[in-house]
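File shown here: entry00.txt, holding compact mmCIF, C-alpha atoms and all ligand atoms.
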```txt
# COMPACT_ATOMS: atom_id res chain seq x y z
CA PHE A 1 -30.86 -11.01 14.44
CA PHE A 2 -27.38 -12.29 15.19
CA GLU A 3 -27.47 -16.08 14.98
CA GLN A 4 -25.24 -15.98 11.90
CA VAL A 5 -22.47 -13.91 13.53
CA GLN A 6 -19.13 -15.67 13.59
CA GLY A 7 -16.80 -15.10 16.54
CA ALA A 8 -13.70 -13.03 15.81
CA PRO A 9 -10.24 -14.19 16.88
CA ALA A 10 -8.77 -12.52 19.95
CA ASP A 11 -6.08 -9.88 19.42
CA VAL A 12 -2.76 -11.71 19.68
CA ILE A 13 -0.96 -9.08 21.73
CA PHE A 14 -3.73 -8.45 24.26
CA ALA A 15 -4.48 -12.18 24.50
CA LEU A 16 -0.86 -12.70 25.62
CA THR A 17 -1.34 -10.24 28.48
CA SER A 18 -4.45 -12.14 29.62
CA SER A 19 -2.67 -15.51 29.45
CA TYR A 20 0.28 -14.09 31.38
CA LYS A 21 -2.00 -12.69 34.08
CA ALA A 22 -3.82 -16.00 34.40
CA ASP A 23 -0.54 -17.94 34.80
CA SER A 24 0.37 -18.62 38.44
CA HIS A 25 3.95 -19.79 37.78
CA THR A 26 6.43 -17.82 39.91
CA GLN A 27 8.99 -17.36 37.15
CA LYS A 28 6.57 -16.25 34.45
CA VAL A 29 7.84 -13.49 32.14
CA ASN A 30 5.76 -11.19 29.96
CA LEU A 31 7.59 -10.11 26.81
CA GLY A 32 4.37 -9.58 24.86
CA VAL A 33 2.82 -6.14 24.87
CA GLY A 34 5.05 -3.15 24.17
CA ALA A 35 4.70 -1.36 27.47
CA TYR A 36 7.62 -0.15 29.59
CA ARG A 37 8.41 -1.94 32.83
CA THR A 38 10.86 -0.97 35.57
CA GLU A 39 13.75 -3.08 36.82
CA GLU A 40 11.16 -4.48 39.30
CA GLY A 41 8.90 -5.48 36.43
CA LYS A 42 6.34 -2.82 37.33
CA PRO A 43 4.60 -0.18 35.18
CA TRP A 44 6.27 3.23 35.52
CA VAL A 45 4.42 6.48 36.01
CA LEU A 46 7.04 8.91 34.75
CA PRO A 47 8.11 11.36 37.50
CA ILE A 48 7.48 14.25 35.09
CA VAL A 49 3.96 12.97 34.47
CA LYS A 50 3.34 12.97 38.24
CA LYS A 51 4.54 16.57 38.39
CA ALA A 52 2.35 17.61 35.47
CA LYS A 53 -0.66 15.98 37.12
CA HIS A 54 -0.04 17.94 40.33
CA LEU A 55 0.30 21.14 38.39
CA LEU A 56 -2.99 20.54 36.60
CA VAL A 57 -4.72 20.03 39.97
CA GLU A 58 -3.09 23.11 41.53
CA ASN A 59 -4.06 25.27 38.58
CA GLU A 60 -7.57 23.83 38.57
CA GLU A 61 -7.19 22.85 34.94
CA LEU A 62 -9.05 19.60 35.31
CA ASP A 63 -12.61 20.44 34.41
CA HIS A 64 -14.58 17.99 32.29
CA GLU A 65 -15.63 20.29 29.50
CA TYR A 66 -15.57 19.14 25.88
CA LEU A 67 -12.39 19.76 23.96
CA PRO A 68 -12.77 21.17 20.44
CA ILE A 69 -13.32 18.46 17.79
CA LEU A 70 -9.68 18.60 16.72
CA GLY A 71 -8.48 18.59 20.32
CA LEU A 72 -6.49 20.76 22.67
CA GLU A 73 -4.81 23.58 20.77
CA THR A 74 -1.69 23.80 22.98
CA PHE A 75 -1.20 20.03 22.70
CA ARG A 76 -1.60 19.96 18.90
CA LYS A 77 0.84 22.82 18.39
CA ALA A 78 3.41 21.25 20.71
CA ALA A 79 3.04 17.79 19.16
CA VAL A 80 3.71 19.19 15.70
CA LYS A 81 6.82 21.04 16.89
CA LEU A 82 8.05 17.95 18.68
CA ILE A 83 8.02 15.85 15.55
CA LEU A 84 9.00 18.45 12.94
CA GLY A 85 11.44 20.43 15.07
CA TYR A 86 11.22 23.84 16.70
CA ASN A 87 12.72 25.58 13.67
CA SER A 88 10.62 23.79 11.07
CA LYS A 89 10.17 25.83 7.92
CA ALA A 90 6.95 23.98 7.08
CA ILE A 91 5.45 25.07 10.42
CA ALA A 92 6.58 28.66 9.88
CA GLU A 93 4.91 28.57 6.47
CA GLY A 94 1.63 27.65 8.15
CA ARG A 95 1.10 24.48 6.09
CA VAL A 96 1.21 21.97 8.94
CA GLY A 97 -2.07 20.87 10.45
CA ALA A 98 -2.90 18.67 13.42
CA ALA A 99 -5.73 16.63 14.84
CA GLN A 100 -5.64 15.22 18.36
CA CYS A 101 -6.64 11.58 18.07
CA ILE A 102 -7.16 8.49 20.21
CA SER A 103 -3.43 7.82 20.51
CA GLY A 104 -1.39 6.34 17.67
CA THR A 105 -4.07 3.90 16.55
CA GLY A 106 -6.64 6.70 16.32
CA ALA A 107 -4.19 8.88 14.42
CA VAL A 108 -3.42 6.14 11.89
CA TYR A 109 -7.15 5.54 11.60
CA ALA A 110 -7.96 9.24 11.06
CA GLY A 111 -5.31 9.47 8.36
CA ALA A 112 -6.34 6.20 6.72
CA HIS A 113 -10.00 7.20 6.75
CA PHE A 114 -9.18 10.55 5.16
CA LEU A 115 -7.08 8.85 2.45
CA SER A 116 -9.86 6.36 1.74
CA LYS A 117 -12.19 9.27 0.98
CA HIS A 118 -9.95 11.91 -0.53
CA TYR A 119 -6.81 10.36 -2.00
CA PRO A 120 -6.77 11.55 -5.60
CA ILE A 121 -5.63 8.23 -7.09
CA LYS A 122 -8.65 5.97 -6.87
CA GLY A 123 -7.84 2.43 -5.79
CA ALA A 124 -4.32 3.33 -4.68
CA ALA A 125 -2.98 0.69 -2.32
CA CYS A 126 -1.36 1.24 1.04
CA TYR A 127 1.95 -0.64 1.34
CA ILE A 128 2.93 -1.78 4.80
CA SER A 129 6.27 -3.27 5.83
CA LYS A 130 6.63 -7.04 6.05
CA PRO A 131 6.37 -7.56 8.96
CA THR A 132 4.62 -4.70 10.73
CA TRP A 133 2.40 -4.04 13.73
CA ALA A 134 -0.72 -6.14 13.08
CA ASN A 135 -3.07 -3.20 13.53
CA HIS A 136 -1.76 -1.46 10.41
CA ARG A 137 -3.37 -3.95 8.09
CA ALA A 138 -6.54 -4.01 10.17
CA ILE A 139 -6.90 -0.23 10.09
CA PHE A 140 -6.33 0.26 6.36
CA GLU A 141 -8.47 -2.72 5.41
CA GLY A 142 -11.08 -1.45 7.85
CA VAL A 143 -11.46 1.76 5.83
CA GLY A 144 -11.75 -0.28 2.63
CA MET A 145 -8.28 0.23 1.21
CA GLN A 146 -6.19 -2.42 -0.47
CA VAL A 147 -3.18 -3.35 1.64
CA LEU A 148 0.03 -4.69 0.09
CA GLU A 149 3.43 -5.36 1.62
CA TYR A 150 6.96 -4.20 0.98
CA PRO A 151 9.92 -6.34 2.11
CA TYR A 152 11.60 -5.05 5.24
CA TRP A 153 13.17 -7.78 7.33
CA ASP A 154 15.88 -9.96 5.91
CA PRO A 155 15.97 -13.23 7.89
CA ALA A 156 19.43 -14.03 6.53
CA THR A 157 21.09 -10.91 7.95
CA LYS A 158 18.49 -10.30 10.66
CA GLY A 159 18.59 -6.73 9.39
CA LEU A 160 16.96 -4.46 6.81
CA ASP A 161 16.15 -5.80 3.35
CA LEU A 162 16.85 -2.44 1.70
CA LYS A 163 17.11 -3.90 -1.78
CA GLY A 164 13.71 -5.58 -1.48
CA MET A 165 12.14 -2.48 0.01
CA LEU A 166 13.44 -0.16 -2.72
CA GLY A 167 12.52 -2.71 -5.39
CA THR A 168 8.89 -2.76 -4.29
CA MET A 169 8.82 1.03 -4.06
CA GLN A 170 10.13 1.12 -7.64
CA SER A 171 7.63 -1.36 -9.00
CA ALA A 172 4.57 -0.03 -7.10
CA PRO A 173 2.24 2.14 -9.21
CA ASN A 174 3.15 5.84 -9.05
CA GLY A 175 1.50 7.65 -6.18
CA SER A 176 1.12 4.66 -3.89
CA ILE A 177 0.81 5.16 -0.14
CA PHE A 178 3.67 3.83 2.01
CA LEU A 179 3.20 3.32 5.73
CA ILE A 180 6.63 3.86 7.29
CA HIS A 181 8.01 3.50 10.82
CA PRO A 182 10.32 6.49 11.35
CA CYS A 183 12.16 4.90 14.28
CA ALA A 184 12.12 1.80 16.50
CA HIS A 185 10.41 -0.35 13.89
CA ASN A 186 7.71 -2.57 15.40
CA PRO A 187 8.23 -5.55 15.49
CA THR A 188 11.81 -5.83 14.18
CA GLY A 189 13.72 -3.06 15.98
CA VAL A 190 15.57 -2.51 12.68
CA ASP A 191 15.76 1.06 11.37
CA PRO A 192 17.30 2.39 8.16
CA THR A 193 20.50 4.44 8.49
CA ASN A 194 20.49 8.10 7.46
CA ASP A 195 22.01 7.16 4.12
CA GLN A 196 19.35 4.49 3.58
CA TRP A 197 16.63 7.05 4.37
CA ARG A 198 18.10 9.18 1.58
CA GLN A 199 17.83 6.28 -0.84
CA ILE A 200 14.24 5.58 0.26
CA ALA A 201 13.31 9.25 -0.17
CA ASP A 202 14.94 9.29 -3.64
CA VAL A 203 12.73 6.44 -4.85
CA MET A 204 9.59 7.72 -3.13
CA GLU A 205 10.12 11.14 -4.70
CA ALA A 206 10.81 9.78 -8.18
CA LYS A 207 7.67 7.63 -7.97
CA GLY A 208 5.47 10.30 -6.39
CA HIS A 209 4.59 8.05 -3.45
CA PHE A 210 2.84 9.38 -0.35
CA PRO A 211 4.64 8.74 2.97
CA PHE A 212 2.50 8.04 6.00
CA PHE A 213 4.76 7.83 9.07
CA ASP A 214 3.58 6.03 12.17
CA CYS A 215 5.69 7.41 15.00
CA ALA A 216 4.98 5.58 18.24
CA TYR A 217 8.45 5.70 19.78
CA GLN A 218 9.97 9.17 19.43
CA GLY A 219 12.59 9.51 22.17
CA PHE A 220 12.23 5.89 23.07
CA ALA A 221 14.55 4.48 20.45
CA SER A 222 17.77 6.39 21.02
CA GLY A 223 16.70 8.41 24.04
CA ASN A 224 17.09 11.50 21.83
CA LEU A 225 13.94 13.16 20.50
CA ASP A 226 15.64 14.87 17.55
CA LYS A 227 17.58 11.85 16.45
CA ASP A 228 14.44 9.70 16.45
CA ALA A 229 12.65 12.29 14.28
CA TYR A 230 15.45 12.39 11.70
CA SER A 231 13.64 10.54 8.92
CA VAL A 232 10.43 12.56 9.22
CA ARG A 233 12.28 15.88 9.20
CA TYR A 234 14.42 14.77 6.30
CA PHE A 235 11.33 13.93 4.24
CA VAL A 236 9.76 17.29 5.13
CA ASP A 237 12.94 19.10 4.08
CA ARG A 238 12.77 17.32 0.75
CA GLY A 239 9.32 18.76 0.19
CA PHE A 240 7.09 15.71 0.66
CA GLU A 241 3.46 16.10 1.62
CA MET A 242 2.78 13.57 4.33
CA PHE A 243 0.88 12.37 7.36
CA ILE A 244 2.52 11.53 10.67
CA ALA A 245 0.68 9.61 13.37
CA GLN A 246 2.12 10.30 16.82
CA SER A 247 1.52 8.32 19.96
CA PHE A 248 2.33 9.55 23.45
CA SER A 249 1.58 6.17 24.99
CA LYS A 250 5.17 4.97 25.12
CA ASN A 251 7.26 8.10 25.47
CA PHE A 252 5.02 9.47 28.25
CA GLY A 253 3.92 6.10 29.63
CA LEU A 254 0.33 7.28 29.11
CA TYR A 255 -0.92 4.02 27.63
CA SER A 256 -4.49 4.19 28.87
CA GLU A 257 -4.99 7.91 28.31
CA ARG A 258 -4.97 7.62 24.51
CA ALA A 259 -3.06 10.80 23.76
CA GLY A 260 -2.09 11.01 20.11
CA ASN A 261 -1.90 13.35 17.19
CA LEU A 262 -2.13 13.28 13.43
CA THR A 263 0.27 15.78 11.91
CA VAL A 264 -0.55 16.82 8.35
CA VAL A 265 2.14 18.40 6.18
CA ALA A 266 0.43 19.96 3.18
CA ARG A 267 1.60 22.03 0.20
CA SER A 268 -0.18 25.22 1.24
CA VAL A 269 -2.08 26.86 4.10
CA GLU A 270 -5.35 26.53 2.15
CA VAL A 271 -4.94 22.82 1.50
CA LYS A 272 -3.94 22.25 5.12
CA ASN A 273 -7.10 24.05 6.29
CA ARG A 274 -9.30 21.97 4.00
CA ILE A 275 -7.72 18.70 5.12
CA GLU A 276 -8.18 19.66 8.78
CA SER A 277 -11.81 20.53 8.16
CA GLN A 278 -12.45 17.11 6.60
CA ILE A 279 -10.71 15.31 9.44
CA ALA A 280 -12.76 17.32 11.92
CA LYS A 281 -15.97 16.37 10.11
CA ALA A 282 -15.02 12.68 10.20
CA GLN A 283 -13.79 12.82 13.81
CA ARG A 284 -17.07 14.37 14.96
CA ALA A 285 -18.94 11.35 13.63
CA VAL A 286 -16.66 8.78 15.26
CA ILE A 287 -15.53 10.15 18.65
CA SER A 288 -17.14 13.60 18.65
CA ASN A 289 -14.07 15.06 20.35
CA PRO A 290 -10.95 13.58 21.94
CA PRO A 291 -10.29 12.93 25.64
CA ALA A 292 -8.61 15.70 27.62
CA TYR A 293 -6.57 14.26 30.46
CA GLY A 294 -3.62 12.74 28.59
CA SER A 295 -3.29 15.63 26.17
CA ARG A 296 -3.32 18.12 29.05
CA ILE A 297 -0.45 16.26 30.71
CA VAL A 298 1.56 16.14 27.48
CA SER A 299 0.83 19.79 26.80
CA VAL A 300 2.02 20.91 30.25
CA VAL A 301 5.33 19.08 29.76
CA LEU A 302 5.99 20.06 26.16
CA ASN A 303 5.22 23.71 26.81
CA ASN A 304 7.44 24.16 29.87
CA LYS A 305 11.18 24.22 29.29
CA GLN A 306 12.15 22.79 32.67
CA TYR A 307 9.52 20.06 32.50
CA TYR A 308 10.62 19.24 28.98
CA GLN A 309 14.19 18.70 30.14
CA GLU A 310 13.04 16.46 32.96
CA TRP A 311 10.98 14.49 30.49
CA GLU A 312 14.09 13.99 28.35
CA GLN A 313 15.81 12.54 31.42
CA ASN A 314 12.89 10.17 32.00
CA LEU A 315 13.12 9.08 28.37
CA SER A 316 16.83 8.37 28.76
CA THR A 317 16.09 6.28 31.83
CA MET A 318 13.73 4.09 29.80
CA ALA A 319 15.85 3.93 26.65
CA ASN A 320 19.03 3.16 28.61
CA ARG A 321 17.47 0.43 30.70
CA ILE A 322 16.33 -1.25 27.50
CA ILE A 323 19.77 -0.89 25.93
CA ASP A 324 21.31 -2.40 29.10
CA MET A 325 18.95 -5.36 28.86
CA ARG A 326 19.93 -5.91 25.22
CA ASN A 327 23.57 -6.09 26.27
CA VAL A 328 22.92 -8.41 29.19
CA LEU A 329 20.75 -10.78 27.15
CA TYR A 330 23.37 -10.87 24.42
CA GLU A 331 26.17 -11.57 26.92
CA GLU A 332 24.19 -14.36 28.59
CA LEU A 333 23.57 -16.07 25.24
CA VAL A 334 27.23 -15.78 24.29
CA LYS A 335 28.21 -17.16 27.71
CA LEU A 336 25.89 -20.13 27.19
CA GLY A 337 27.30 -20.68 23.72
CA THR A 338 23.77 -20.75 22.35
CA PRO A 339 23.95 -21.85 18.70
CA GLY A 340 23.45 -19.06 16.15
CA THR A 341 24.44 -15.41 16.09
CA TRP A 342 22.86 -12.98 18.55
CA ASN A 343 24.43 -9.63 17.75
CA HIS A 344 21.12 -8.49 16.22
CA ILE A 345 19.79 -8.22 19.77
CA VAL A 346 22.20 -5.38 20.50
CA ASP A 347 22.02 -3.92 16.99
CA GLN A 348 18.25 -3.54 17.05
CA ILE A 349 16.69 -0.48 18.64
CA GLY A 350 13.61 0.56 20.60
CA MET A 351 11.05 -1.41 22.55
CA PHE A 352 11.33 -4.64 20.58
CA SER A 353 13.77 -7.23 19.45
CA PHE A 354 12.96 -9.61 16.64
CA THR A 355 14.80 -12.62 17.95
CA GLY A 356 14.51 -14.96 14.98
CA LEU A 357 12.87 -17.57 17.24
CA THR A 358 10.29 -19.65 15.38
CA ALA A 359 6.63 -20.23 16.28
CA PRO A 360 7.30 -23.81 17.54
CA GLN A 361 10.13 -22.47 19.73
CA VAL A 362 7.85 -19.72 21.05
CA LYS A 363 5.31 -22.40 21.95
CA VAL A 364 7.88 -24.24 24.06
CA LEU A 365 8.94 -20.99 25.71
CA LYS A 366 5.34 -20.43 26.70
CA GLU A 367 4.47 -23.97 27.77
CA LYS A 368 7.68 -25.05 29.47
CA TYR A 369 9.13 -21.73 30.67
CA HIS A 370 6.01 -19.54 31.08
CA VAL A 371 7.60 -16.87 28.92
CA TYR A 372 5.05 -14.96 26.84
CA LEU A 373 5.94 -13.46 23.45
CA THR A 374 4.27 -13.18 20.06
CA ASP A 375 4.54 -16.14 17.67
CA ASN A 376 6.72 -14.16 15.26
CA GLY A 377 9.52 -14.18 17.85
CA ARG A 378 9.17 -10.53 18.86
CA ILE A 379 10.10 -9.72 22.44
CA SER A 380 9.31 -6.56 24.32
CA MET A 381 12.73 -5.76 25.80
CA ALA A 382 11.09 -3.80 28.60
CA GLY A 383 9.79 -7.04 30.10
CA LEU A 384 13.36 -8.11 30.89
CA ASN A 385 15.18 -7.15 34.08
CA SER A 386 18.21 -8.33 36.00
CA LYS A 387 16.07 -10.91 37.84
CA ASN A 388 14.65 -12.69 34.80
CA VAL A 389 17.12 -12.13 31.97
CA LYS A 390 19.32 -15.11 32.86
CA TYR A 391 16.28 -17.36 33.07
CA PHE A 392 15.11 -16.12 29.67
CA ALA A 393 18.55 -16.69 28.11
CA GLN A 394 18.55 -20.26 29.45
CA ALA A 395 15.07 -20.78 28.03
CA ILE A 396 16.22 -19.54 24.60
CA ASP A 397 19.25 -21.78 24.84
CA PHE A 398 17.02 -24.79 25.50
CA VAL A 399 14.59 -24.17 22.62
CA VAL A 400 17.37 -23.44 20.15
CA ARG A 401 19.20 -26.66 21.02
CA ASN A 402 16.13 -28.94 21.11
C1 LIG B 1 2.54 -3.46 20.84
O1 LIG B 1 2.85 -3.57 19.65
O2 LIG B 1 2.72 -4.36 21.68
C2 LIG B 1 1.92 -2.19 21.33
O3 LIG B 1 1.96 -1.21 20.35
C3 LIG B 1 0.58 -2.39 21.92
C4 LIG B 1 -0.49 -2.57 20.90
O4 LIG B 1 -1.42 -1.76 20.88
O5 LIG B 1 -0.44 -3.53 20.14
```
Let me see whether you can do it: turn the structure in this file into structure tokens.
Amino acid sequence: FFEQVQGAPADVIFALTSSYKADSHTQKVNLGVGAYRTEEGKPWVLPIVKKAKHLLVENEELDHEYLPILGLETFRKAAVKLILGYNSKAIAEGRVGAAQCISGTGAVYAGAHFLSKHYPIKGAACYISKPTWANHRAIFEGVGMQVLEYPYWDPATKGLDLKGMLGTMQSAPNGSIFLIHPCAHNPTGVDPTNDQWRQIADVMEAKGHFPFFDCAYQGFASGNLDKDAYSVRYFVDRGFEMFIAQSFSKNFGLYSERAGNLTVVARSVEVKNRIESQIAKAQRAVISNPPAYGSRIVSVVLNNKQYYQEWEQNLSTMANRIIDMRNVLYEELVKLGTPGTWNHIVDQIGMFSFTGLTAPQVKVLKEKYHVYLTDNGRISMAGLNSKNVKYFAQAIDFVVRN
């Protein structure tokens, strides 16, 4: 049956992790996958997650029964409040729906799949930022939608290409779908300012575009959950209908538990109910119902005031360590007098920095220095610590000069 099947290329990000693991060099550094690491370079089980796990055991809330198709009710409600705010008018009006999904990827998929079936403008394209997380294209193309790009990164300023972005939003057919990173843009670490969000919303509103936010880093960018949700809440206040994919992989360190949510902001309670019912129908056919463990942990924390505050402290620990590493890397490069400007490393935000290093330079970093990063020059800041940051700066210095 399958003689004709062609092999598919390996996923670039996960392939980097495998290559890093297989490397026996003592100074190897993994700056590939976006997963938090401690100062010792180890994965971190958040202290609040440990507490929540104990509580679930004590309360005997760890049975293995099926969750409902749309997931754990307490988790969905809390996830929606987390992103839209505890005083959200849209929530009070009952027009916000939710579906627990297989983390952020599953949430983007559930939304994309729904749009591919029910978006009223047939053939509408989904615009993704250039560059973006590689899975965005794969997901939307996977559900049969056309994927186009809007400019985002300006290599000249190593910042946001607002003019290009707004220009494409202007020239796109009315009612196009725009996939937007609300904070900690992956891979660039460049976010619009509040004033730029206003300009983006102005154009999107005038053109009747549909915003689909992919929020994988709430709390992780600035360390402040409300600040990181600014753009989403601003768009809701302006009356947009929208989807928001939420991942709890990064901000809870629950990477393997696949806890995520698709928040649906609709025009009315009735429409919200109908959308949820369609997502439930589709979800049943793909995963039947979502996994319980991660969502139970998240739910315990989000629904307990004291736990919530401790979680905020854990988030600050992660965000601040990353900000420290940005500063140290920047200082090391300045000290070395490495050609070029490096202030973008401290200006960027979140898990990643888009260094501006080229694919040939990345190759040398990998082969000569055993430093692993994606070919587009993205580094996961969390992979740096006080023991390897100097080494990495020296490696950058070498590839830039040679
Ligand atoms: C990343 O971009 O490194 C992470 O979001 C992990 C992934 O799934 O690609």
Close residues to ligand LIG 1 (chain B) using only C-alpha atoms and all ligand atoms, limit 8 Å, as an MDAnalysis selection string: chainID A and resid 13:14 32:35 105 133:135 186:187 216 380
Mind pulling up the distance from CA of Gly189 (chain A) to CA of Ala221 (chain A)?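 Separation between CA of Ala221 (chain A) and CA of Gly189 (chain A): 8.8 Å.
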Of A:Ala138, A:Val389, A:Ile279, A:Ala90, the one nearest to Phe235 (chain A) when counting all atoms listed in the file is A:Ala90
Enter the distance from CA of Met351 (chain A) to CA of Asn314 (chain A), in Å, rounded to one decimal.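 Distance between the two atoms: 15.1 Å.
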Exercise: region 281-298 of chain A partners within 10 Å, all atoms listed in the file, chain neighbours under 4 positions left out, as a ChimeraX atom specification: /A:48-56,61-76,78-79,99-103,106,110,113-114,248-249,252,254-261,275-277,302-303,308
So that I have them on file, write out the residues from the current selection with C-alpha atoms, as a PDB file, keeping the file's coordinate frame.
```pdb
ATOM      1  CA  ILE A  48       7.480  14.250  35.090  1.00  0.00           C
ATOM      2  CA  VAL A  49       3.960  12.970  34.470  1.00  0.00           C
ATOM      3  CA  LYS A  50       3.340  12.970  38.240  1.00  0.00           C
ATOM      4  CA  LYS A  51       4.540  16.570  38.390  1.00  0.00           C
ATOM      5  CA  ALA A  52       2.350  17.610  35.470  1.00  0.00           C
ATOM      6  CA  LYS A  53      -0.660  15.980  37.120  1.00  0.00           C
ATOM      7  CA  HIS A  54      -0.040  17.940  40.330  1.00  0.00           C
ATOM      8  CA  LEU A  55       0.300  21.140  38.390  1.00  0.00           C
ATOM      9  CA  LEU A  56      -2.990  20.540  36.600  1.00  0.00           C
ATOM     10  CA  GLU A  61      -7.190  22.850  34.940  1.00  0.00           C
ATOM     11  CA  LEU A  62      -9.050  19.600  35.310  1.00  0.00           C
ATOM     12  CA  ASP A  63     -12.610  20.440  34.410  1.00  0.00           C
ATOM     13  CA  HIS A  64     -14.580  17.990  32.290  1.00  0.00           C
ATOM     14  CA  GLU A  65     -15.630  20.290  29.500  1.00  0.00           C
ATOM     15  CA  TYR A  66     -15.570  19.140  25.880  1.00  0.00           C
ATOM     16  CA  LEU A  67     -12.390  19.760  23.960  1.00  0.00           C
ATOM     17  CA  PRO A  68     -12.770  21.170  20.440  1.00  0.00           C
ATOM     18  CA  ILE A  69     -13.320  18.460  17.790  1.00  0.00           C
ATOM     19  CA  LEU A  70      -9.680  18.600  16.720  1.00  0.00           C
ATOM     20  CA  GLY A  71      -8.480  18.590  20.320  1.00  0.00           C
ATOM     21  CA  LEU A  72      -6.490  20.760  22.670  1.00  0.00           C
ATOM     22  CA  GLU A  73      -4.810  23.580  20.770  1.00  0.00           C
ATOM     23  CA  THR A  74      -1.690  23.800  22.980  1.00  0.00           C
ATOM     24  CA  PHE A  75      -1.200  20.030  22.700  1.00  0.00           C
ATOM     25  CA  ARG A  76      -1.600  19.960  18.900  1.00  0.00           C
ATOM     26  CA  ALA A  78       3.410  21.250  20.710  1.00  0.00           C
ATOM     27  CA  ALA A  79       3.040  17.790  19.160  1.00  0.00           C
ATOM     28  CA  ALA A  99      -5.730  16.630  14.840  1.00  0.00           C
ATOM     29  CA  GLN A 100      -5.640  15.220  18.360  1.00  0.00           C
ATOM     30  CA  CYS A 101      -6.640  11.580  18.070  1.00  0.00           C
ATOM     31  CA  ILE A 102      -7.160   8.490  20.210  1.00  0.00           C
ATOM     32  CA  SER A 103      -3.430   7.820  20.510  1.00  0.00           C
ATOM     33  CA  GLY A 106      -6.640   6.700  16.320  1.00  0.00           C
ATOM     34  CA  ALA A 110      -7.960   9.240  11.060  1.00  0.00           C
ATOM     35  CA  HIS A 113     -10.000   7.200   6.750  1.00  0.00           C
ATOM     36  CA  PHE A 114      -9.180  10.550   5.160  1.00  0.00           C
ATOM     37  CA  PHE A 248       2.330   9.550  23.450  1.00  0.00           C
ATOM     38  CA  SER A 249       1.580   6.170  24.990  1.00  0.00           C
ATOM     39  CA  PHE A 252       5.020   9.470  28.250  1.00  0.00           C
ATOM     40  CA  LEU A 254       0.330   7.280  29.110  1.00  0.00           C
ATOM     41  CA  TYR A 255      -0.920   4.020  27.630  1.00  0.00           C
ATOM     42  CA  SER A 256      -4.490   4.190  28.870  1.00  0.00           C
ATOM     43  CA  GLU A 257      -4.990   7.910  28.310  1.00  0.00           C
ATOM     44  CA  ARG A 258      -4.970   7.620  24.510  1.00  0.00           C
ATOM     45  CA  ALA A 259      -3.060  10.800  23.760  1.00  0.00           C
ATOM     46  CA  GLY A 260      -2.090  11.010  20.110  1.00  0.00           C
ATOM     47  CA  ASN A 261      -1.900  13.350  17.190  1.00  0.00           C
ATOM     48  CA  ILE A 275      -7.720  18.700   5.120  1.00  0.00           C
ATOM     49  CA  GLU A 276      -8.180  19.660   8.780  1.00  0.00           C
ATOM     50  CA  SER A 277     -11.810  20.530   8.160  1.00  0.00           C
ATOM     51  CA  LEU A 302       5.990  20.060  26.160  1.00  0.00           C
ATOM     52  CA  ASN A 303       5.220  23.710  26.810  1.00  0.00           C
ATOM     53  CA  TYR A 308      10.620  19.240  28.980  1.00  0.00           C
TER      54      TYR A 308
END
```
Test item: residues at most 7 Å from region 167-173 of chain A, all atoms listed in the file, excluding those fewer than 2 positions along its chain, as a list in words: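 That gives Tyr150, Lys163, Gly164, Met165, Gly175, Ser176, Val203, Met204 and Lys207 of chain A.
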How big is the axis-aligned box, and where does its centre sit, when it encloses all atoms of region 209-226 of chain A listed in the file and has 6 Å added on every side, reported in Å to one decimal as lines of an AutoDock Vina configuration file?
```
center_x = 10.1
center_y = 9.7
center_z = 10.3
size_x = 27.3
size_y = 22.4
size_z = 39.5
```
Neighbouring residues of His185 (chain A) were defined as those with any atom within 12 Å, considering all atoms listed in the file; residues of the same chain fewer than 2 positions away were excluded. Please report them as a short mmCIF file (atom, residue, chain, number, x, y, z; two decimals) with C-alpha atoms, in the coordinates of the input.
```cif
data_model
loop_
_atom_site.label_atom_id
_atom_site.label_comp_id
_atom_site.auth_asym_id
_atom_site.auth_seq_id
_atom_site.Cartn_x
_atom_site.Cartn_y
_atom_site.Cartn_z
CA GLY A 34 5.05 -3.15 24.17
CA ILE A 128 2.93 -1.78 4.80
CA SER A 129 6.27 -3.27 5.83
CA LYS A 130 6.63 -7.04 6.05
CA PRO A 131 6.37 -7.56 8.96
CA THR A 132 4.62 -4.70 10.73
CA TRP A 133 2.40 -4.04 13.73
CA TYR A 152 11.60 -5.05 5.24
CA TRP A 153 13.17 -7.78 7.33
CA GLY A 159 18.59 -6.73 9.39
CA LEU A 160 16.96 -4.46 6.81
CA LEU A 179 3.20 3.32 5.73
CA ILE A 180 6.63 3.86 7.29
CA HIS A 181 8.01 3.50 10.82
CA PRO A 182 10.32 6.49 11.35
CA CYS A 183 12.16 4.90 14.28
CA PRO A 187 8.23 -5.55 15.49
CA THR A 188 11.81 -5.83 14.18
CA GLY A 189 13.72 -3.06 15.98
CA VAL A 190 15.57 -2.51 12.68
CA ASP A 191 15.76 1.06 11.37
CA PRO A 192 17.30 2.39 8.16
CA PHE A 213 4.76 7.83 9.07
CA ASP A 214 3.58 6.03 12.17
CA CYS A 215 5.69 7.41 15.00
CA ALA A 216 4.98 5.58 18.24
CA TYR A 217 8.45 5.70 19.78
CA GLN A 218 9.97 9.17 19.43
CA PHE A 220 12.23 5.89 23.07
CA ALA A 221 14.55 4.48 20.45
CA ASP A 228 14.44 9.70 16.45
CA GLN A 348 18.25 -3.54 17.05
CA ILE A 349 16.69 -0.48 18.64
CA GLY A 350 13.61 0.56 20.60
CA MET A 351 11.05 -1.41 22.55
CA PHE A 352 11.33 -4.64 20.58
CA SER A 353 13.77 -7.23 19.45
CA PHE A 354 12.96 -9.61 16.64
CA ARG A 378 9.17 -10.53 18.86
#
```
Select region 158-163 of chain A in the preceding structure and write C-alpha atoms to a file as an mmCIF file, in the first residue's frame.
```cif
data_model
loop_
_atom_site.group_PDB
_atom_site.id
_atom_site.type_symbol
_atom_site.label_atom_id
_atom_site.label_comp_id
_atom_site.auth_asym_id
_atom_site.auth_seq_id
_atom_site.Cartn_x
_atom_site.Cartn_y
_atom_site.Cartn_z
ATOM 1 C CA LYS A 158 15.480 44.780 14.312
ATOM 2 C CA GLY A 159 12.038 45.890 15.447
ATOM 3 C CA LEU A 160 8.420 45.968 14.278
ATOM 4 C CA ASP A 161 7.616 46.777 10.658
ATOM 5 C CA LEU A 162 4.390 48.564 11.592
ATOM 6 C CA LYS A 163 4.058 50.295 8.250
#
```
